[in-house]
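Asks: For reference, the structure I am asking about is given below.
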Amino acid sequence: MSKQEFSIPKLALELKSELDAYVLLEDLRWGTEGPEACPKCGAVGRQYFLNPANGASRKTRTGNASERRVWKCGHCRKQYSVLTDTIFHGTKISIRTWLLVIFEVCSSKNSVSAWEISRKYEITNESAWHMLHRIREAMKMEPLAGLLGGAVQVDETWIGGEPKNWHKSDPRQAGRKQGPTDKQPVVSLVHYETRAAHSRVVADVTAKTLMPAIEEVMDLKRTHLHTDGGAAYKTIAPHVAAHETVDHSVGQYTDGNVSTNLNEGYFSQLKRSLDGTHHHVSTEHLQRYLNQFDFMYTHCKATDSQRMRTLIGNVEGRRLQYKAPVAEVDF
Ligand SMILES: [Zn+2]
């Protein structure tokens with residue numbers, strides 16, 4: 001199962017029980033050999049599977065039967081499961097549901113909302129919201145600080161509704177900041193060769209803010225920066241190997257291979273999805289949505305199953321606290 005292409009019917013057929021889901025998740029994370037190292041002490045080798053007395057399930061402290069597969073480390077003697085120290089840690093949702101939802105997210109170009117997950121998988125809205133944020137956490141691609149060289153297209157956009165279009169009685173009017181705009185600026189870098197996307201919520205679009213955002217990903221000395229004619233980029237230009245621009249103000253969008261077309265494509269997909277699926281995203285959570293879009297954009301040539309495998313490979317060490325979601329339409 002783990003080597004083939006997944007689909008919802010295949011997964012649903014394969015994952016008949018919670019035990020099946022544990023076995024598949026173990027296979028996706030560890031392969032058929034089981035865990036190589038202990039998630040508690042890090043020691044390699046001597047990791048033992050604890051066979052349940054009745055062969056299939058064990059009693060939990062509350063007396064219920066659990067199909068959780070438990071392993072034990074021969075070094076620190078501690079027990080753990082495939083969920084320990086991952087985005088699944090402490091979850092009350094079945095692993096079967098988790099795997100189906102992860103596949104759904106990895107195969108949805110326009111993303112999928114917590115409302116949808118809640119209805120389709122018969123879980124509460126709050127649970128769906130928590131799951132999606134944990135999945136986005138695993139989609140986060142840690143920037144290899146200053147490692148990349150080559151051509152990168154950088155552009156910024158503003159995310160958020162048009163306050164002038166809001167009705168006077170719209171509750172959002174109450175907490176709205178004063179000023180010409182309360183849209184949230186976002187900067188996005190797309191590496192020309194690899195098509196890897198790195199997007200950040202930024203406070204503003206000054207050179208002082210944008211330069212560190214670029215440096216998080218790129219080695220400035222080896223960077224060919226492709227941008228529009230924005231003032232900030234002129235300030236950054238002396239710090240990079242080369243800076244080439246297209247002048248949107250005179251209707252120029254490409255000049256040879258210089259453009260910000262990749263960013264334009266990225267932003268339009270992002271906005272379509274935010275408008276169509278999520279409707280409204282608070283500033284606080286926007287970065288997590290950007291992580292998801294960076295992941296989907298970067299792995300757009302991969303199959304749904306390959307994306308799912310990549311994501312499962314990233315679940316370790318990314319625990320999130322189970323905090324209550326903020327009370328707003330943020331699904
Ligand atoms: Zn150990």
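Residue names in the structure tokens use chain letters A, B, ... in the order shown, residue numbers from 1 in each chain, and ligand numbers from 1 in the order shown.
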Please give me, as a PyMOL selection string, the residues lying within 10 Å of ligand 1 when counting only C-alpha atoms and all ligand atoms.

Replies: chain A and resi 37-47+72-80

Asks: Just N, CA and C atoms for this one: save the residues we selected as an mmCIF file, in the first residue's frame.

Replies:
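Contents of again_28.cif, freshly written:
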```
data_model
loop_
_atom_site.group_PDB
_atom_site.id
_atom_site.type_symbol
_atom_site.label_atom_id
_atom_site.label_comp_id
_atom_site.auth_asym_id
_atom_site.auth_seq_id
_atom_site.Cartn_x
_atom_site.Cartn_y
_atom_site.Cartn_z
ATOM 1 N N ALA A 37 15.358 5.133 15.388
ATOM 2 C CA ALA A 37 15.831 5.769 16.621
ATOM 3 C C ALA A 37 14.656 6.048 17.550
ATOM 4 N N CYS A 38 14.962 6.204 18.835
ATOM 5 C CA CYS A 38 13.944 6.472 19.846
ATOM 6 C C CYS A 38 13.590 7.956 19.851
ATOM 7 N N PRO A 39 12.283 8.302 19.771
ATOM 8 C CA PRO A 39 11.908 9.721 19.789
ATOM 9 C C PRO A 39 12.090 10.364 21.160
ATOM 10 N N LYS A 40 12.300 9.543 22.185
ATOM 11 C CA LYS A 40 12.449 10.068 23.548
ATOM 12 C C LYS A 40 13.916 10.389 23.851
ATOM 13 N N CYS A 41 14.829 9.472 23.554
ATOM 14 C CA CYS A 41 16.239 9.693 23.912
ATOM 15 C C CYS A 41 17.146 9.800 22.695
ATOM 16 N N GLY A 42 16.615 9.480 21.522
ATOM 17 C CA GLY A 42 17.406 9.634 20.301
ATOM 18 C C GLY A 42 18.337 8.465 20.001
ATOM 19 N N ALA A 43 18.395 7.477 20.903
ATOM 20 C CA ALA A 43 19.307 6.352 20.690
ATOM 21 C C ALA A 43 18.885 5.542 19.474
ATOM 22 N N VAL A 44 19.892 5.059 18.728
ATOM 23 C CA VAL A 44 19.631 4.294 17.508
ATOM 24 C C VAL A 44 19.693 2.798 17.814
ATOM 25 N N GLY A 45 18.768 2.057 17.205
ATOM 26 C CA GLY A 45 18.762 0.597 17.369
ATOM 27 C C GLY A 45 18.060 0.156 18.641
ATOM 28 N N ARG A 46 17.838 -1.151 18.738
ATOM 29 C CA ARG A 46 17.162 -1.759 19.896
ATOM 30 C C ARG A 46 15.816 -1.084 20.186
ATOM 31 N N GLN A 47 14.987 -0.961 19.150
ATOM 32 C CA GLN A 47 13.623 -0.457 19.310
ATOM 33 C C GLN A 47 12.692 -1.653 19.110
ATOM 34 N N LYS A 72 8.938 0.144 22.341
ATOM 35 C CA LYS A 72 9.739 0.400 23.532
ATOM 36 C C LYS A 72 11.210 0.521 23.142
ATOM 37 N N CYS A 73 11.856 1.502 23.784
ATOM 38 C CA CYS A 73 13.272 1.742 23.503
ATOM 39 C C CYS A 73 14.117 0.897 24.448
ATOM 40 N N GLY A 74 15.095 0.158 23.883
ATOM 41 C CA GLY A 74 15.980 -0.690 24.683
ATOM 42 C C GLY A 74 17.023 0.110 25.452
ATOM 43 N N HIS A 75 17.116 1.398 25.201
ATOM 44 C CA HIS A 75 18.102 2.230 25.896
ATOM 45 C C HIS A 75 17.474 2.940 27.091
ATOM 46 N N CYS A 76 16.422 3.756 26.821
ATOM 47 C CA CYS A 76 15.821 4.524 27.923
ATOM 48 C C CYS A 76 14.626 3.789 28.536
ATOM 49 N N ARG A 77 14.255 2.665 27.964
ATOM 50 C CA ARG A 77 13.152 1.817 28.455
ATOM 51 C C ARG A 77 11.788 2.494 28.341
ATOM 52 N N LYS A 78 11.715 3.624 27.649
ATOM 53 C CA LYS A 78 10.424 4.318 27.547
ATOM 54 C C LYS A 78 9.612 3.770 26.376
ATOM 55 N N GLN A 79 8.278 3.929 26.529
ATOM 56 C CA GLN A 79 7.367 3.492 25.465
ATOM 57 C C GLN A 79 6.924 4.688 24.630
ATOM 58 N N TYR A 80 6.634 4.418 23.395
ATOM 59 C CA TYR A 80 6.147 5.486 22.516
ATOM 60 C C TYR A 80 5.376 4.864 21.366
#
```

Asks: Looking only at strand (DSSP E or B) from DSSP on the backbone, list the matching residues of region 47-137 of chain A as number ranges by chain.

Replies: A: 47-50, 58-59, 65-66, 70-73, 79-80, 86

Asks: If we count only C-alpha atoms, what is near region 305-315 of chain A at a cut-off of 10 Å, once residues fewer than 2 positions away on the same chain are taken out, given as a ChimeraX atom specification?

Replies: /A:2-7,25-26,28-30,83,85-89,99,102-107,134-141,295-296,299-303,317-319

Asks: Go through A:Glu193, A:Asp304, A:Glu215, A:Glu67 and flag the residue nearest Ala21 (chain A), using only C-alpha atoms for the distances.

Replies: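 Ranking A:Glu193, A:Asp304, A:Glu215, A:Glu67 by distance to Ala21 (chain A), first place goes to A:Glu67.
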
Asks: Nearest residue to Ala12 (chain A) out of A:Leu100, A:Val205, A:Leu270, A:Ala53, using only C-alpha atoms?

Replies: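 Checking each of A:Leu100, A:Val205, A:Leu270, A:Ala53 against Ala12 (chain A), counting only C-alpha atoms, the winner is A:Leu100.
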
Asks: So the first atom is CA of His239 (chain A) and the second is CA of Ala207 (chain A); what is the distance between them in Å, to one decimal place?

Replies: 11.2 Å

Asks: Skipping near chain neighbours, those fewer than 2 positions away, what residues fall within 8 Å of Val186 (chain A) using only C-alpha atoms, listed as a PDB file with C-alpha atoms, in the first residue's frame?

Replies:
```pdb
ATOM      1  CA  GLU A 156       4.619  41.581  -2.767  1.00  0.00           C
ATOM      2  CA  THR A 157       0.872  41.692  -2.516  1.00  0.00           C
ATOM      3  CA  TRP A 158      -1.784  42.774  -0.059  1.00  0.00           C
ATOM      4  CA  ILE A 159      -4.202  40.289   1.425  1.00  0.00           C
ATOM      5  CA  GLN A 184      -1.781  42.653   5.187  1.00  0.00           C
ATOM      6  CA  SER A 188       6.801  35.979  -1.926  1.00  0.00           C
ATOM      7  CA  SER A 199       6.255  33.534   1.386  1.00  0.00           C
ATOM      8  CA  ARG A 200       6.216  35.673   4.477  1.00  0.00           C
ATOM      9  CA  VAL A 201       3.751  37.936   6.212  1.00  0.00           C
ATOM     10  CA  VAL A 202       5.674  41.208   6.587  1.00  0.00           C
TER      11      VAL A 202
END
```

Asks: I'd like to know which of A:Met218, A:Glu116, A:Gly229, A:Asn110 is closest to Leu274 (chain A), using only C-alpha atoms.

Replies: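 Selected residue with least distance to Leu274 (chain A): A:Asn110.
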
Asks: Tell me, as a list in words, which residues lie within 10 Å of Tyr121 (chain A), counting only C-alpha atoms; anything in the same chain fewer than 4 positions away does not count.

Replies: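 Everything that qualifies: Thr97, Trp98, Leu100, Val101, Glu116, Ile117 and Ala128 of chain A.
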
Asks: Leaving out Glu142 (chain A) and any residue of its chain fewer than 3 positions from it, which residues lie within 10 Å of it when counting only C-alpha atoms, given as a PyMOL selection string?

Replies: chain A and resi 139+145+198+216-217+291

Asks: Give the answer as one residue: which of A:Thr298, A:Ser282, A:Asn64, A:Gln269 has the shortest atom-to-atom distance to Tyr192 (chain A), using only C-alpha atoms?

Replies: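 Closest residue, counting only C-alpha atoms: A:Thr298.
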
Asks: Just want the 12 Å neighbourhood of Ala65 (chain A), counted on only C-alpha atoms, with same-chain residues fewer than 3 positions away dropped. Output as a compact mmCIF listing (two decimals) with N, CA and C atoms, in the first residue's frame.

Replies:
```txt
# COMPACT_ATOMS: atom_id res chain seq x y z
N GLU A 18 -8.52 1.17 12.97
CA GLU A 18 -7.51 2.07 13.49
C GLU A 18 -6.13 1.39 13.44
N LEU A 19 -6.12 0.09 13.63
CA LEU A 19 -4.86 -0.66 13.56
C LEU A 19 -4.24 -0.53 12.16
N PRO A 52 0.57 -6.68 21.73
CA PRO A 52 -0.50 -6.70 22.73
C PRO A 52 -0.87 -8.14 23.08
N ALA A 53 -1.27 -8.36 24.34
CA ALA A 53 -1.54 -9.71 24.83
C ALA A 53 -2.54 -10.46 23.95
N ASN A 54 -3.59 -9.75 23.50
CA ASN A 54 -4.61 -10.43 22.68
C ASN A 54 -4.30 -10.33 21.17
N ALA A 56 -4.15 -7.77 19.17
CA ALA A 56 -4.67 -6.66 18.37
C ALA A 56 -4.80 -5.34 19.13
N SER A 57 -5.25 -5.40 20.37
CA SER A 57 -5.48 -4.15 21.09
C SER A 57 -5.02 -4.26 22.54
N ARG A 58 -4.93 -3.15 23.20
CA ARG A 58 -4.54 -3.13 24.61
C ARG A 58 -5.50 -2.22 25.37
N LYS A 59 -5.55 -2.40 26.66
CA LYS A 59 -6.44 -1.57 27.49
C LYS A 59 -5.72 -0.27 27.85
N THR A 60 -6.45 0.83 27.75
CA THR A 60 -5.88 2.10 28.17
C THR A 60 -6.16 2.31 29.65
N ARG A 61 -5.62 3.41 30.19
CA ARG A 61 -5.83 3.69 31.61
C ARG A 61 -7.31 3.82 31.96
N THR A 62 -8.08 4.27 30.96
CA THR A 62 -9.51 4.46 31.23
C THR A 62 -10.30 3.17 31.02
N ARG A 68 -3.70 1.35 19.36
CA ARG A 68 -2.42 2.04 19.21
C ARG A 68 -1.28 1.03 19.30
N ARG A 69 -0.38 1.10 18.35
CA ARG A 69 0.77 0.20 18.37
C ARG A 69 1.87 0.84 19.19
```
